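Trainee: Below is the file coords27.tsv, with TSV, C-alpha atoms.
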chain	number	residue	atom	x	y	z
N	13	MET	CA	-22.39	-12.85	20.46
N	14	SER	CA	-23.45	-12.90	24.13
N	15	ASP	CA	-26.47	-10.93	25.37
N	16	ASP	CA	-24.15	-8.43	27.09
N	17	ALA	CA	-22.14	-7.95	23.91
N	18	GLY	CA	-25.32	-7.60	21.86
N	19	SER	CA	-26.67	-5.02	24.29
N	20	ALA	CA	-23.42	-3.05	24.13
N	21	PHE	CA	-23.26	-3.26	20.33
N	22	LEU	CA	-26.72	-1.70	19.99
N	23	SER	CA	-26.32	0.86	22.79
N	24	LEU	CA	-25.24	3.79	20.60
N	25	GLY	CA	-25.22	4.45	16.86
N	26	PHE	CA	-21.46	4.70	16.47
N	27	ARG	CA	-20.99	1.01	17.34
N	28	PRO	CA	-22.78	-0.74	14.45
N	29	PHE	CA	-22.43	2.05	11.92
N	30	PHE	CA	-18.74	2.82	12.35
N	31	LEU	CA	-18.07	-0.92	12.12
N	32	LEU	CA	-20.13	-1.13	8.92
N	33	ALA	CA	-18.64	2.07	7.49
N	34	ALA	CA	-15.06	0.89	7.96
N	35	LEU	CA	-15.80	-2.59	6.65
N	36	TRP	CA	-17.58	-1.32	3.55
N	37	ALA	CA	-14.99	1.38	2.88
N	38	ALA	CA	-12.30	-1.29	2.79
N	39	VAL	CA	-14.26	-3.95	0.87
N	40	SER	CA	-15.96	-1.72	-1.70
N	41	VAL	CA	-12.72	-0.01	-2.76
N	42	ALA	CA	-10.91	-3.36	-2.94
N	43	LEU	CA	-13.71	-4.63	-5.20
N	44	TRP	CA	-13.53	-1.47	-7.31
N	45	VAL	CA	-9.78	-1.85	-7.82
N	46	GLY	CA	-10.33	-5.46	-8.89
N	47	VAL	CA	-13.06	-4.44	-11.33
N	48	HIS	CA	-11.03	-1.50	-12.64
N	49	GLU	CA	-8.11	-3.80	-13.42
N	50	GLY	CA	-10.34	-6.40	-15.10
N	51	GLN	CA	-9.92	-9.07	-12.43
N	52	LEU	CA	-13.52	-9.04	-11.15
N	53	ILE	CA	-17.02	-8.71	-12.54
N	54	LEU	CA	-19.74	-7.44	-10.22
N	55	PRO	CA	-23.02	-9.38	-10.35
N	56	GLY	CA	-25.45	-6.49	-9.81
N	57	ALA	CA	-27.38	-4.41	-12.34
N	58	ALA	CA	-25.21	-1.29	-12.06
N	59	ASP	CA	-22.20	-0.80	-14.29
N	60	PRO	CA	-18.91	-0.72	-12.35
N	61	LEU	CA	-18.52	3.08	-12.21
N	62	THR	CA	-22.15	3.61	-11.22
N	63	TRP	CA	-21.76	1.02	-8.46
N	64	HIS	CA	-18.50	2.55	-7.22
N	65	VAL	CA	-19.96	6.06	-7.01
N	66	HIS	CA	-23.21	4.84	-5.44
N	67	GLU	CA	-21.60	2.69	-2.80
N	68	LEU	CA	-19.12	5.30	-1.59
N	69	LEU	CA	-21.51	8.26	-1.63
N	70	PHE	CA	-24.68	6.42	-0.59
N	71	GLY	CA	-23.20	3.45	1.26
N	72	TYR	CA	-20.03	4.32	3.14
N	73	LEU	CA	-20.89	7.98	3.77
N	74	TRP	CA	-24.43	7.21	4.95
N	75	ALA	CA	-22.96	4.80	7.52
N	76	VAL	CA	-20.47	7.42	8.73
N	77	LEU	CA	-23.23	10.04	9.03
N	78	ALA	CA	-25.54	7.65	10.84
N	79	GLY	CA	-22.84	6.60	13.29
N	80	PHE	CA	-21.89	10.18	14.07
N	81	LEU	CA	-25.36	11.72	14.27
N	82	LEU	CA	-27.05	8.91	16.18
N	83	THR	CA	-24.28	9.29	18.77
N	84	ALA	CA	-24.20	13.09	18.83
N	85	LEU	CA	-27.94	13.81	18.70
N	86	PRO	CA	-28.66	12.74	22.31
N	87	SER	CA	-26.20	15.35	23.58
N	88	TRP	CA	-27.45	17.95	21.10
N	89	THR	CA	-31.17	17.38	21.79
N	90	LYS	CA	-31.15	15.99	25.37
N	91	ARG	CA	-33.30	13.09	24.15
N	92	PRO	CA	-32.64	9.37	24.73
N	93	PRO	CA	-30.39	7.68	22.13
N	94	ILE	CA	-31.73	5.48	19.36
N	95	ALA	CA	-30.70	2.04	20.61
N	96	GLY	CA	-31.71	-1.62	20.69
N	97	THR	CA	-34.21	-2.85	18.13
N	98	PRO	CA	-34.68	0.50	16.28
N	99	LEU	CA	-30.92	0.79	15.86
N	100	ALA	CA	-30.70	-2.82	14.67
N	101	LEU	CA	-33.46	-2.18	12.12
N	102	LEU	CA	-31.64	0.86	10.75
N	103	ALA	CA	-28.41	-1.11	10.42
N	104	GLY	CA	-30.33	-3.94	8.78
N	105	LEU	CA	-31.80	-1.59	6.16
N	106	TRP	CA	-28.33	-0.28	5.37
N	107	ILE	CA	-26.99	-3.82	4.92
N	108	LEU	CA	-30.02	-4.72	2.78
N	109	GLY	CA	-29.19	-1.84	0.44
N	110	ARG	CA	-25.60	-3.00	-0.02
N	111	GLY	CA	-26.78	-6.52	-0.82
N	112	ALA	CA	-29.43	-5.32	-3.26
N	113	MET	CA	-26.86	-3.40	-5.31
N	114	LEU	CA	-24.88	-6.62	-5.80
N	115	LEU	CA	-27.79	-9.02	-6.22
N	116	PRO	CA	-28.16	-10.51	-9.72
N	117	GLY	CA	-31.61	-10.52	-11.22
N	118	LEU	CA	-32.66	-7.08	-9.99
N	119	SER	CA	-32.88	-4.07	-12.26
N	120	LEU	CA	-31.03	-0.92	-11.24
N	121	LEU	CA	-34.36	0.69	-10.38
N	122	GLN	CA	-35.31	-2.24	-8.13
N	123	ALA	CA	-31.92	-2.45	-6.42
N	124	GLY	CA	-31.74	1.30	-5.97
N	125	GLY	CA	-35.25	1.33	-4.54
N	126	VAL	CA	-34.22	-1.15	-1.87
N	127	ALA	CA	-31.11	0.93	-1.13
N	128	LEU	CA	-33.34	3.99	-0.62
N	129	LEU	CA	-35.11	2.37	2.34
N	130	PHE	CA	-32.25	3.26	4.68
N	131	PRO	CA	-31.99	7.01	3.91
N	132	VAL	CA	-35.77	7.38	4.16
N	133	ALA	CA	-35.84	5.69	7.55
N	134	PHE	CA	-32.73	7.44	8.82
N	135	ALA	CA	-33.91	10.89	7.69
N	136	ALA	CA	-37.25	10.31	9.45
N	137	VAL	CA	-35.51	9.30	12.69
N	138	ALA	CA	-32.94	12.10	12.58
N	139	LEU	CA	-35.50	14.81	11.80
N	140	ARG	CA	-37.76	13.56	14.57
N	141	GLU	CA	-34.89	13.87	17.05
N	142	ILE	CA	-33.75	17.28	15.78
N	143	VAL	CA	-37.25	18.77	15.71
N	144	GLY	CA	-38.15	17.12	19.02
N	145	GLY	CA	-35.04	18.57	20.62
N	146	GLY	CA	-36.18	22.07	19.70
N	147	ASN	CA	-32.66	23.29	18.83
N	148	ARG	CA	-32.72	25.29	15.60
N	149	ARG	CA	-28.94	25.22	15.43
N	150	ASN	CA	-29.14	21.60	14.27
N	151	LEU	CA	-31.74	22.14	11.52
N	152	PRO	CA	-29.11	22.69	8.76
N	153	VAL	CA	-27.76	19.21	9.53
N	154	GLY	CA	-31.26	17.78	9.20
N	155	LEU	CA	-31.76	19.59	5.91
N	156	GLY	CA	-28.41	18.20	4.73
N	157	ILE	CA	-29.62	14.67	5.44
N	158	VAL	CA	-32.78	15.29	3.40
N	159	ALA	CA	-30.74	16.80	0.56
N	160	LEU	CA	-28.39	13.81	0.49
N	161	GLY	CA	-31.39	11.48	0.33
N	162	LEU	CA	-32.86	13.46	-2.57
N	163	ALA	CA	-29.48	13.30	-4.32
N	164	GLN	CA	-29.65	9.51	-4.03
N	165	VAL	CA	-33.09	9.54	-5.63
N	166	GLY	CA	-31.74	11.78	-8.38
N	167	PHE	CA	-28.79	9.47	-8.92
N	168	LEU	CA	-31.14	6.53	-9.42
N	169	VAL	CA	-33.38	8.48	-11.81
N	170	GLU	CA	-30.49	9.85	-13.90
N	171	SER	CA	-28.71	6.49	-14.08
N	172	THR	CA	-31.90	4.71	-15.11
N	173	MET	CA	-33.01	7.26	-17.71
N	174	LEU	CA	-29.66	8.40	-19.14
N	175	GLY	CA	-27.34	5.50	-18.38
N	176	TYR	CA	-25.16	7.83	-16.33
N	177	ALA	CA	-25.64	10.52	-13.67
N	178	PRO	CA	-24.21	13.96	-14.58
N	179	TYR	CA	-25.61	16.03	-11.71
N	180	ALA	CA	-26.85	13.93	-8.79
N	181	PRO	CA	-23.38	12.73	-7.65
N	182	ARG	CA	-22.22	16.35	-7.68
N	183	VAL	CA	-25.19	17.31	-5.52
N	184	ALA	CA	-24.28	14.52	-3.07
N	185	VAL	CA	-20.64	15.63	-2.93
N	186	ALA	CA	-21.69	19.26	-2.47
N	187	VAL	CA	-24.01	18.33	0.38
N	188	MET	CA	-21.28	16.31	2.06
N	189	VAL	CA	-18.75	19.12	1.68
N	190	MET	CA	-21.19	21.46	3.41
N	191	LEU	CA	-21.88	18.92	6.16
N	192	VAL	CA	-18.14	18.54	6.76
N	193	ALA	CA	-17.81	22.32	6.80
N	194	LEU	CA	-20.71	22.63	9.27
N	195	ILE	CA	-19.99	19.67	11.55
N	196	GLY	CA	-16.22	19.72	11.14
N	197	GLY	CA	-16.33	23.46	11.63
N	198	ARG	CA	-18.08	22.85	14.95
N	199	VAL	CA	-16.13	19.96	16.42
N	200	THR	CA	-12.62	20.80	15.20
N	201	PRO	CA	-12.25	24.17	16.95
N	202	ASN	CA	-14.18	22.93	20.00
N	203	PHE	CA	-11.96	19.88	20.48
N	204	THR	CA	-8.89	22.03	19.84
N	205	ALA	CA	-9.97	24.57	22.47
N	206	ASN	CA	-10.60	21.83	25.03
N	207	TRP	CA	-7.16	20.36	24.39
N	208	LEU	CA	-5.43	23.74	24.66
N	209	ARG	CA	-7.15	24.41	27.97
N	210	ARG	CA	-5.79	21.12	29.31
N	211	GLY	CA	-2.19	22.10	28.65
N	212	GLY	CA	-1.63	22.67	24.96
N	213	THR	CA	0.31	25.66	23.75
N	214	GLY	CA	-1.24	28.21	21.42
N	215	PRO	CA	-4.07	30.75	21.13
N	216	GLU	CA	-7.59	29.41	21.56
N	217	PRO	CA	-9.60	29.00	18.33
N	218	ALA	CA	-11.77	31.95	17.35
N	219	PRO	CA	-15.47	31.45	18.13
N	220	PHE	CA	-18.00	31.03	15.35
N	221	GLY	CA	-18.84	34.45	13.95
N	222	SER	CA	-19.52	36.59	10.91
N	223	LEU	CA	-16.47	35.39	8.98
N	224	ASP	CA	-17.58	31.78	9.36
N	225	ARG	CA	-21.06	32.62	8.07
N	226	VAL	CA	-19.67	34.48	5.05
N	227	VAL	CA	-17.25	31.66	4.20
N	228	LEU	CA	-20.02	29.06	4.45
N	229	MET	CA	-22.31	31.15	2.24
N	230	ILE	CA	-19.58	31.63	-0.38
N	231	GLY	CA	-18.81	27.92	-0.24
N	232	ALA	CA	-22.47	26.99	-0.71
N	233	THR	CA	-22.77	29.36	-3.68
N	234	ALA	CA	-19.60	27.98	-5.26
N	235	LEU	CA	-20.86	24.42	-4.83
N	236	VAL	CA	-24.17	25.25	-6.53
N	237	LEU	CA	-22.23	26.65	-9.50
N	238	TRP	CA	-19.91	23.61	-9.45
N	239	VAL	CA	-22.93	21.27	-9.64
N	240	LEU	CA	-24.04	23.09	-12.81
N	241	LEU	CA	-20.67	22.82	-14.57
N	242	PRO	CA	-21.35	19.81	-16.85
N	243	GLY	CA	-22.29	21.34	-20.19
N	244	ALA	CA	-22.18	24.90	-18.80
N	245	PRO	CA	-21.40	27.88	-21.07
N	246	PRO	CA	-17.94	29.48	-20.74
N	247	TRP	CA	-19.16	32.45	-18.68
N	248	LEU	CA	-20.68	30.12	-16.10
N	249	GLU	CA	-17.51	28.04	-16.00
N	250	ARG	CA	-15.39	31.12	-15.29
N	251	THR	CA	-17.84	32.36	-12.64
N	252	ALA	CA	-17.84	28.96	-10.97
N	253	GLY	CA	-14.05	28.77	-11.09
N	254	ALA	CA	-13.69	32.18	-9.45
N	255	ALA	CA	-16.24	31.32	-6.77
N	256	LEU	CA	-14.53	28.00	-6.04
N	257	GLY	CA	-11.18	29.73	-5.69
N	258	VAL	CA	-12.56	32.35	-3.30
N	259	ALA	CA	-14.31	29.65	-1.28
N	260	GLY	CA	-11.11	27.64	-1.00
N	261	LEU	CA	-9.15	30.64	0.23
N	262	GLY	CA	-11.98	31.56	2.60
N	263	HIS	CA	-11.96	28.12	4.20
N	264	LEU	CA	-8.18	28.33	4.61
N	265	VAL	CA	-8.57	31.64	6.44
N	266	ARG	CA	-11.39	30.18	8.55
N	267	GLN	CA	-9.28	27.20	9.58
N	268	ALA	CA	-6.20	29.33	10.28
N	269	ARG	CA	-8.17	30.90	13.15
N	270	TRP	CA	-8.46	27.51	14.90
N	271	SER	CA	-4.77	27.17	15.88
N	272	PRO	CA	-4.20	24.18	13.55
N	273	PHE	CA	-0.40	24.17	13.94
N	274	ALA	CA	-0.69	23.94	17.74
N	275	THR	CA	-2.20	20.45	17.36
N	276	ARG	CA	0.80	18.93	15.58
N	277	ARG	CA	1.84	17.23	18.83
N	278	GLU	CA	-1.54	15.47	19.16
N	279	PRO	CA	-2.34	13.36	16.06
N	280	LEU	CA	-5.94	12.77	17.16
N	281	LEU	CA	-6.56	16.50	16.74
N	282	ALA	CA	-4.12	17.09	13.89
N	283	VAL	CA	-5.97	14.63	11.65
N	284	LEU	CA	-9.21	16.59	12.15
N	285	HIS	CA	-7.46	19.72	10.93
N	286	LEU	CA	-5.92	17.77	8.07
N	287	GLY	CA	-9.33	16.47	7.03
N	288	TYR	CA	-10.75	19.99	7.07
N	289	LEU	CA	-7.77	21.23	5.07
N	290	PHE	CA	-8.91	19.00	2.20
N	291	VAL	CA	-12.22	20.86	2.16
N	292	SER	CA	-10.24	23.98	1.22
N	293	LEU	CA	-7.95	22.10	-1.15
N	294	GLY	CA	-10.95	20.50	-2.84
N	295	PHE	CA	-12.34	23.94	-3.68
N	296	LEU	CA	-8.95	25.10	-4.98
N	297	LEU	CA	-8.44	21.95	-7.06
N	298	ALA	CA	-11.92	22.35	-8.57
N	299	ALA	CA	-11.08	25.96	-9.44
N	300	THR	CA	-7.84	24.81	-11.05
N	301	THR	CA	-9.71	22.46	-13.39
N	302	VAL	CA	-11.55	25.49	-14.78
N	303	PHE	CA	-8.59	27.80	-15.35
N	304	ARG	CA	-5.77	25.29	-15.85
N	305	PRO	CA	-7.33	22.02	-17.07
N	306	ASP	CA	-3.91	20.94	-18.35
N	307	TRP	CA	-2.74	20.69	-14.73
N	308	ILE	CA	-5.49	18.49	-13.31
N	309	ASP	CA	-8.71	16.95	-14.62
N	310	PRO	CA	-12.09	17.27	-12.85
N	311	THR	CA	-12.27	13.60	-11.83
N	312	THR	CA	-8.87	13.75	-10.14
N	313	ALA	CA	-9.67	17.06	-8.45
N	314	LEU	CA	-12.91	15.60	-7.12
N	315	HIS	CA	-10.91	13.09	-5.09
N	316	GLY	CA	-9.47	15.90	-3.00
N	317	TRP	CA	-12.92	15.93	-1.41
N	318	THR	CA	-14.04	12.32	-1.80
N	319	VAL	CA	-10.82	10.68	-0.57
N	320	GLY	CA	-9.16	13.50	1.39
N	321	ALA	CA	-11.99	15.25	3.23
N	322	PHE	CA	-14.39	12.26	3.21
N	323	GLY	CA	-11.64	9.87	4.31
N	324	LEU	CA	-9.62	11.79	6.87
N	325	MET	CA	-12.45	13.61	8.66
N	326	PRO	CA	-14.55	10.44	9.11
N	327	ILE	CA	-11.64	8.29	10.30
N	328	ALA	CA	-10.71	11.03	12.79
N	329	ILE	CA	-14.28	11.19	14.13
N	330	MET	CA	-14.59	7.41	14.19
N	331	VAL	CA	-11.42	6.94	16.22
N	332	ARG	CA	-12.19	9.79	18.60
N	333	ALA	CA	-15.77	8.68	19.26
N	334	THR	CA	-14.76	5.06	19.72
N	335	ARG	CA	-11.95	5.89	22.14
N	336	GLY	CA	-14.06	8.40	24.07
N	337	HIS	CA	-17.11	6.17	24.42
N	338	THR	CA	-15.12	3.08	25.40
N	339	GLY	CA	-13.11	4.64	28.20
N	340	ARG	CA	-9.85	5.17	26.34
N	341	PRO	CA	-7.70	8.31	26.54
N	342	LEU	CA	-8.32	10.85	23.80
N	343	THR	CA	-4.93	10.37	22.21
N	344	ALA	CA	-3.73	8.50	19.13
N	345	PRO	CA	-1.27	5.65	19.83
N	346	PRO	CA	1.33	4.83	17.14
N	347	ALA	CA	-0.82	2.12	15.54
N	348	THR	CA	-3.70	4.57	15.18
N	349	VAL	CA	-1.36	7.14	13.64
N	350	LEU	CA	-0.53	4.53	11.01
N	351	VAL	CA	-4.24	4.26	10.21
N	352	PHE	CA	-4.39	8.02	9.68
N	353	ALA	CA	-1.22	7.89	7.58
N	354	ALA	CA	-2.70	5.20	5.34
N	355	ILE	CA	-5.75	7.34	4.50
N	356	LEU	CA	-3.54	10.37	3.89
N	357	ALA	CA	-1.29	8.26	1.65
N	358	ALA	CA	-4.35	7.04	-0.28
N	359	THR	CA	-5.35	10.66	-0.89
N	360	CYS	CA	-1.92	11.76	-2.05
N	361	LEU	CA	-1.49	8.72	-4.28
N	362	ARG	CA	-4.91	9.16	-5.90
N	363	LEU	CA	-4.22	12.81	-6.65
N	364	ALA	CA	-0.69	12.09	-7.89
N	365	ALA	CA	-1.90	9.29	-10.17
N	366	GLY	CA	-4.58	11.47	-11.74
N	367	ALA	CA	-2.30	14.47	-12.11
N	368	GLY	CA	0.31	12.50	-14.05
N	369	LEU	CA	2.92	12.60	-11.28
N	370	MET	CA	3.22	8.81	-11.31
N	371	ASP	CA	2.07	5.85	-13.35
N	372	PRO	CA	-1.76	6.00	-13.20
N	373	THR	CA	-2.33	2.25	-12.88
N	374	THR	CA	0.23	1.87	-10.12
N	375	GLY	CA	-0.98	4.99	-8.34
N	376	LEU	CA	-4.64	3.94	-8.39
N	377	ARG	CA	-3.76	0.45	-7.18
N	378	LEU	CA	-1.59	1.76	-4.33
N	379	ALA	CA	-4.20	4.34	-3.37
N	380	GLY	CA	-6.84	1.62	-3.14
N	381	VAL	CA	-4.54	-0.59	-1.08
N	382	CYS	CA	-3.72	2.23	1.36
N	383	TRP	CA	-7.39	3.20	1.70
N	384	SER	CA	-8.49	-0.38	2.40
N	385	LEU	CA	-5.58	-1.03	4.77
N	386	GLY	CA	-6.39	2.14	6.69
N	387	PHE	CA	-9.99	1.12	7.34
N	388	LEU	CA	-9.06	-2.50	8.00
N	389	GLY	CA	-6.52	-1.15	10.49
N	390	PHE	CA	-9.32	0.74	12.23
N	391	LEU	CA	-11.32	-2.49	12.45
N	392	GLY	CA	-8.32	-4.38	13.81
N	393	LEU	CA	-7.66	-1.79	16.47
N	394	TYR	CA	-11.20	-0.88	17.46
N	395	GLY	CA	-13.55	-3.55	16.11
N	396	ARG	CA	-13.78	-5.46	19.37
N	397	ALA	CA	-14.27	-2.24	21.35
N	398	LEU	CA	-17.24	-1.38	19.10
N	399	ILE	CA	-18.86	-4.75	19.73
N	400	VAL	CA	-18.05	-5.41	23.39
N	401	LYS	CA	-18.25	-2.58	25.89
N	402	PRO	CA	-15.27	-2.73	28.30
N	403	ALA	CA	-15.96	-2.66	32.03
N	404	SER	CA	-14.16	0.67	32.28
N	405	ALA	CA	-16.19	2.29	29.52
N	406	THR	CA	-17.87	5.61	30.06
N	407	PRO	CA	-21.20	6.53	28.47
Represent the supplied structure as structure tokens.

Mentor:
Amino acid sequence: MSDDAGSAFLSLGFRPFFLLAALWAAVSVALWVGVHEGQLILPGAADPLTWHVHELLFGYLWAVLAGFLLTALPSWTKRPPIAGTPLALLAGLWILGRGAMLLPGLSLLQAGGVALLFPVAFAAVALREIVGGGNRRNLPVGLGIVALGLAQVGFLVESTMLGYAPYAPRVAVAVMVMLVALIGGRVTPNFTANWLRRGGTGPEPAPFGSLDRVVLMIGATALVLWVLLPGAPPWLERTAGAALGVAGLGHLVRQARWSPFATRREPLLAVLHLGYLFVSLGFLLAATTVFRPDWIDPTTALHGWTVGAFGLMPIAIMVRATRGHTGRPLTAPPATVLVFAAILAATCLRLAAGAGLMDPTTGLRLAGVCWSLGFLGFLGLYGRALIVKPASATP
């Protein structure tokens, strides 16, 4: 890599971290499919399921969050971006964590401890920028980062002491759902409004208001109850199910006020709305597992969030940020639409396989292939742009 390329690569957080997020999303799921089908054995201390959960929640998603926030925080806080050596050190800590979880000879506690170095460092950097920027509006995002880091600690403690983690992964998923609802609920209507003002057809999205606050509060309450579901008494299960259903409907109403159907002619916007839709569907699927467990099991329902919302919303943000910061038009060419379609197909296949709508083994395999191909497609289309800043790029 030339000095110019190296300077460009470390100029903003989206460059190294979106590259790492896409690469690890593709590789880790491909490894998981191989392990699940008995073709591979992972060398690390974690059992296969523990590794799979850890590396998607605390590997892939941390990289997505870091790429987005390290790029967005300068505009939110009016402070200089984290770049150069500090950015390289953060990326290095993330890579070190992924290696530690696969390194033979380490205990789970030792490997997990190494993997915790990144969230500790990233949380410290992000909170410093948020507090230093003096904008209270961004404090919930900072608190979400801290909560996700604590969930990772809890995951390590539960897995070490019990051999499995009943609550910490749910806490991590709940935190991420709220972050998608907060951040996605900010950027999706804003980007939609900007596009409509430039010539789109449809009413402008409703501004953030009381309904949004109520929906977010109901969603947060439902997620707390959902976290407590393992081993919960029947009355708590029914209460959680009702709250999850109301939250799902509330998020649907919230999103309906953002003119989602008007964006069907612009895939770069439509995929943002589609990703947010899976926030609502995730709540509704979780509610269904309580009242109609014969229709869908909790593990399958969970993937409405972890594959749908956590796949489509990140890939939409990754493509948009990469195109915008490298001087490309904010549109989705046909090849990029195929990337979006692959992640959507992975979501539908994973849900269909778990719900008994197709052969489970075939469905899981195809879902993994589509997921990995989608993120590899992103790397093929945008990998060079992330590394080498074109002459026509805009900051």

Trainee: Suppose you want the space between atom CA of Ala138 of chain N and atom CA of Leu24 of chain N; what is it in Å?

Mentor: 13.9 Å

Trainee: One number please: atom CA of Ser292 of chain N to atom CA of Val258 of chain N, in Å, one decimal.

Mentor: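 Between atom CA of Ser292 of chain N and atom CA of Val258 of chain N the gap works out to 9.8 Å.
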
Trainee: One number please: atom CA of Arg209 of chain N to atom CA of Asn150 of chain N, in Å, one decimal.

Mentor: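 So the answer is 26.1 Å.
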
Trainee: Counting all atoms listed in the file, what is within 10 Å of Glu67 of chain N, bar same-chain residues fewer than 2 positions away, as an mmCIF file with C-alpha atoms, keeping the file's coordinate frame?

Mentor:
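Saved file selection_10.cif follows:
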data_model
loop_
_atom_site.group_PDB
_atom_site.id
_atom_site.type_symbol
_atom_site.label_atom_id
_atom_site.label_comp_id
_atom_site.auth_asym_id
_atom_site.auth_seq_id
_atom_site.Cartn_x
_atom_site.Cartn_y
_atom_site.Cartn_z
ATOM 1 C CA TRP N 36 -17.580 -1.320 3.550
ATOM 2 C CA ALA N 37 -14.990 1.380 2.880
ATOM 3 C CA SER N 40 -15.960 -1.720 -1.700
ATOM 4 C CA VAL N 41 -12.720 -0.010 -2.760
ATOM 5 C CA LEU N 61 -18.520 3.080 -12.210
ATOM 6 C CA THR N 62 -22.150 3.610 -11.220
ATOM 7 C CA TRP N 63 -21.760 1.020 -8.460
ATOM 8 C CA HIS N 64 -18.500 2.550 -7.220
ATOM 9 C CA VAL N 65 -19.960 6.060 -7.010
ATOM 10 C CA LEU N 69 -21.510 8.260 -1.630
ATOM 11 C CA PHE N 70 -24.680 6.420 -0.590
ATOM 12 C CA GLY N 71 -23.200 3.450 1.260
ATOM 13 C CA TYR N 72 -20.030 4.320 3.140
ATOM 14 C CA LEU N 73 -20.890 7.980 3.770
ATOM 15 C CA TRP N 74 -24.430 7.210 4.950
ATOM 16 C CA GLY N 109 -29.190 -1.840 0.440
ATOM 17 C CA ARG N 110 -25.600 -3.000 -0.020
ATOM 18 C CA MET N 113 -26.860 -3.400 -5.310
ATOM 19 C CA ALA N 127 -31.110 0.930 -1.130
#

Trainee: For Ser384 of chain N, which residue among N:Ala357, N:Ala57, N:Val226, N:Ala367 is the nearest when counting all atoms listed in the file?

Mentor: N:Ala357

Trainee: Would you kindly return, as a PyMOL selection string, each protein, DNA or RNA residue with an atom no farther than 9 Å from any atom of segment 88-99 of chain N, considering all atoms listed in the file and excluding same-chain residues fewer than 2 positions away?

Mentor: chain N and resi 18-19+21-25+28+82-86+101-104+137+141-147+150

Trainee: Between N:Gly320, N:Gly117, N:Gly46, N:Pro201, single out the one closest to Ala268 of chain N, counting only C-alpha atoms.

Mentor: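 Among the listed residues, N:Pro201 lies closest to Ala268 of chain N.
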
Trainee: Quick one: residues within 12 Å of Met229 of chain N, all atoms listed in the file counted, chain neighbours fewer than 4 positions away excluded, as a ChimeraX atom specification?

Mentor: /N:190,193-194,222-225,233-236,255-256,258-259,262-263

Trainee: Which polymer residues, whether protein, DNA or RNA, lie within 7 Å of the coordinate (-8.6, 1.5, -9.0) when you count all atoms listed in the file? List them as a PyMOL selection string, using the chain letters and numbers from the file.

Mentor: chain N and resi 44-45+48-49+376-377+380

Trainee: In the coordinates of the file, take the point (-17.9, 13.0, 9.9) and a cut-off of 10 Å; then, counting all atoms listed in the file, name each qualifying protein, DNA or RNA residue as a JSON list (two decimals) with C-alpha atoms, keeping the file's coordinate frame.

Mentor:
[["chain", "number", "residue", "atom", "x", "y", "z"],
["N", 73, "LEU", "CA", -20.89, 7.98, 3.77],
["N", 75, "ALA", "CA", -22.96, 4.80, 7.52],
["N", 76, "VAL", "CA", -20.47, 7.42, 8.73],
["N", 77, "LEU", "CA", -23.23, 10.04, 9.03],
["N", 78, "ALA", "CA", -25.54, 7.65, 10.84],
["N", 79, "GLY", "CA", -22.84, 6.60, 13.29],
["N", 80, "PHE", "CA", -21.89, 10.18, 14.07],
["N", 81, "LEU", "CA", -25.36, 11.72, 14.27],
["N", 188, "MET", "CA", -21.28, 16.31, 2.06],
["N", 191, "LEU", "CA", -21.88, 18.92, 6.16],
["N", 192, "VAL", "CA", -18.14, 18.54, 6.76],
["N", 193, "ALA", "CA", -17.81, 22.32, 6.80],
["N", 195, "ILE", "CA", -19.99, 19.67, 11.55],
["N", 196, "GLY", "CA", -16.22, 19.72, 11.14],
["N", 199, "VAL", "CA", -16.13, 19.96, 16.42],
["N", 284, "LEU", "CA", -9.21, 16.59, 12.15],
["N", 287, "GLY", "CA", -9.33, 16.47, 7.03],
["N", 321, "ALA", "CA", -11.99, 15.25, 3.23],
["N", 322, "PHE", "CA", -14.39, 12.26, 3.21],
["N", 323, "GLY", "CA", -11.64, 9.87, 4.31],
["N", 324, "LEU", "CA", -9.62, 11.79, 6.87],
["N", 325, "MET", "CA", -12.45, 13.61, 8.66],
["N", 326, "PRO", "CA", -14.55, 10.44, 9.11],
["N", 327, "ILE", "CA", -11.64, 8.29, 10.30],
["N", 328, "ALA", "CA", -10.71, 11.03, 12.79],
["N", 329, "ILE", "CA", -14.28, 11.19, 14.13],
["N", 330, "MET", "CA", -14.59, 7.41, 14.19]]

Trainee: Near Asn206 of chain N, within 10 Å and counting all atoms listed in the file, which residues show up once chain neighbours fewer than 5 positions away are dropped, as a PyMOL selection string?

Mentor: chain N and resi 201+211-212+216-217

Trainee: For segment 165-172 of chain N, find every residue with an atom within 9 Å (counting all atoms listed in the file), except residues of its own chain fewer than 3 positions away, and show them as a ChimeraX atom specification.

Mentor: /N:58,62,66,120-121,124-125,128,160-162,175-181,184

Trainee: Given the choices N:Ile355, N:Val302, N:Val39, N:Leu350, which gets closest to Leu393 of chain N if the distance is worked out from only C-alpha atoms?

Mentor: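 Going through N:Ile355, N:Val302, N:Val39, N:Leu350 one by one, the smallest distance to Leu393 of chain N is for N:Leu350.
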
Trainee: Which residue out of N:Ile157, N:Thr200, N:Glu278, N:Leu35 has the minimum interatomic distance to Leu342 of chain N when all atoms listed in the file are used?

Mentor: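 Closest to Leu342 of chain N of all the choices is N:Glu278.
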
Trainee: With distances taken over only C-alpha atoms, which residue among N:Ala379, N:Ala313, N:Leu369, N:Val239 lies nearest Leu297 of chain N?

Mentor: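 That would be N:Ala313, the residue with the smallest distance to Leu297 of chain N.
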
Trainee: Identify which of the residues N:Pro246, N:Ile107, N:Ala163, N:Arg149 lies closest to Leu129 of chain N, counting all atoms listed in the file when measuring atom-to-atom distances.

Mentor: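 Among N:Pro246, N:Ile107, N:Ala163, N:Arg149, it is N:Ile107 that comes nearest to Leu129 of chain N.
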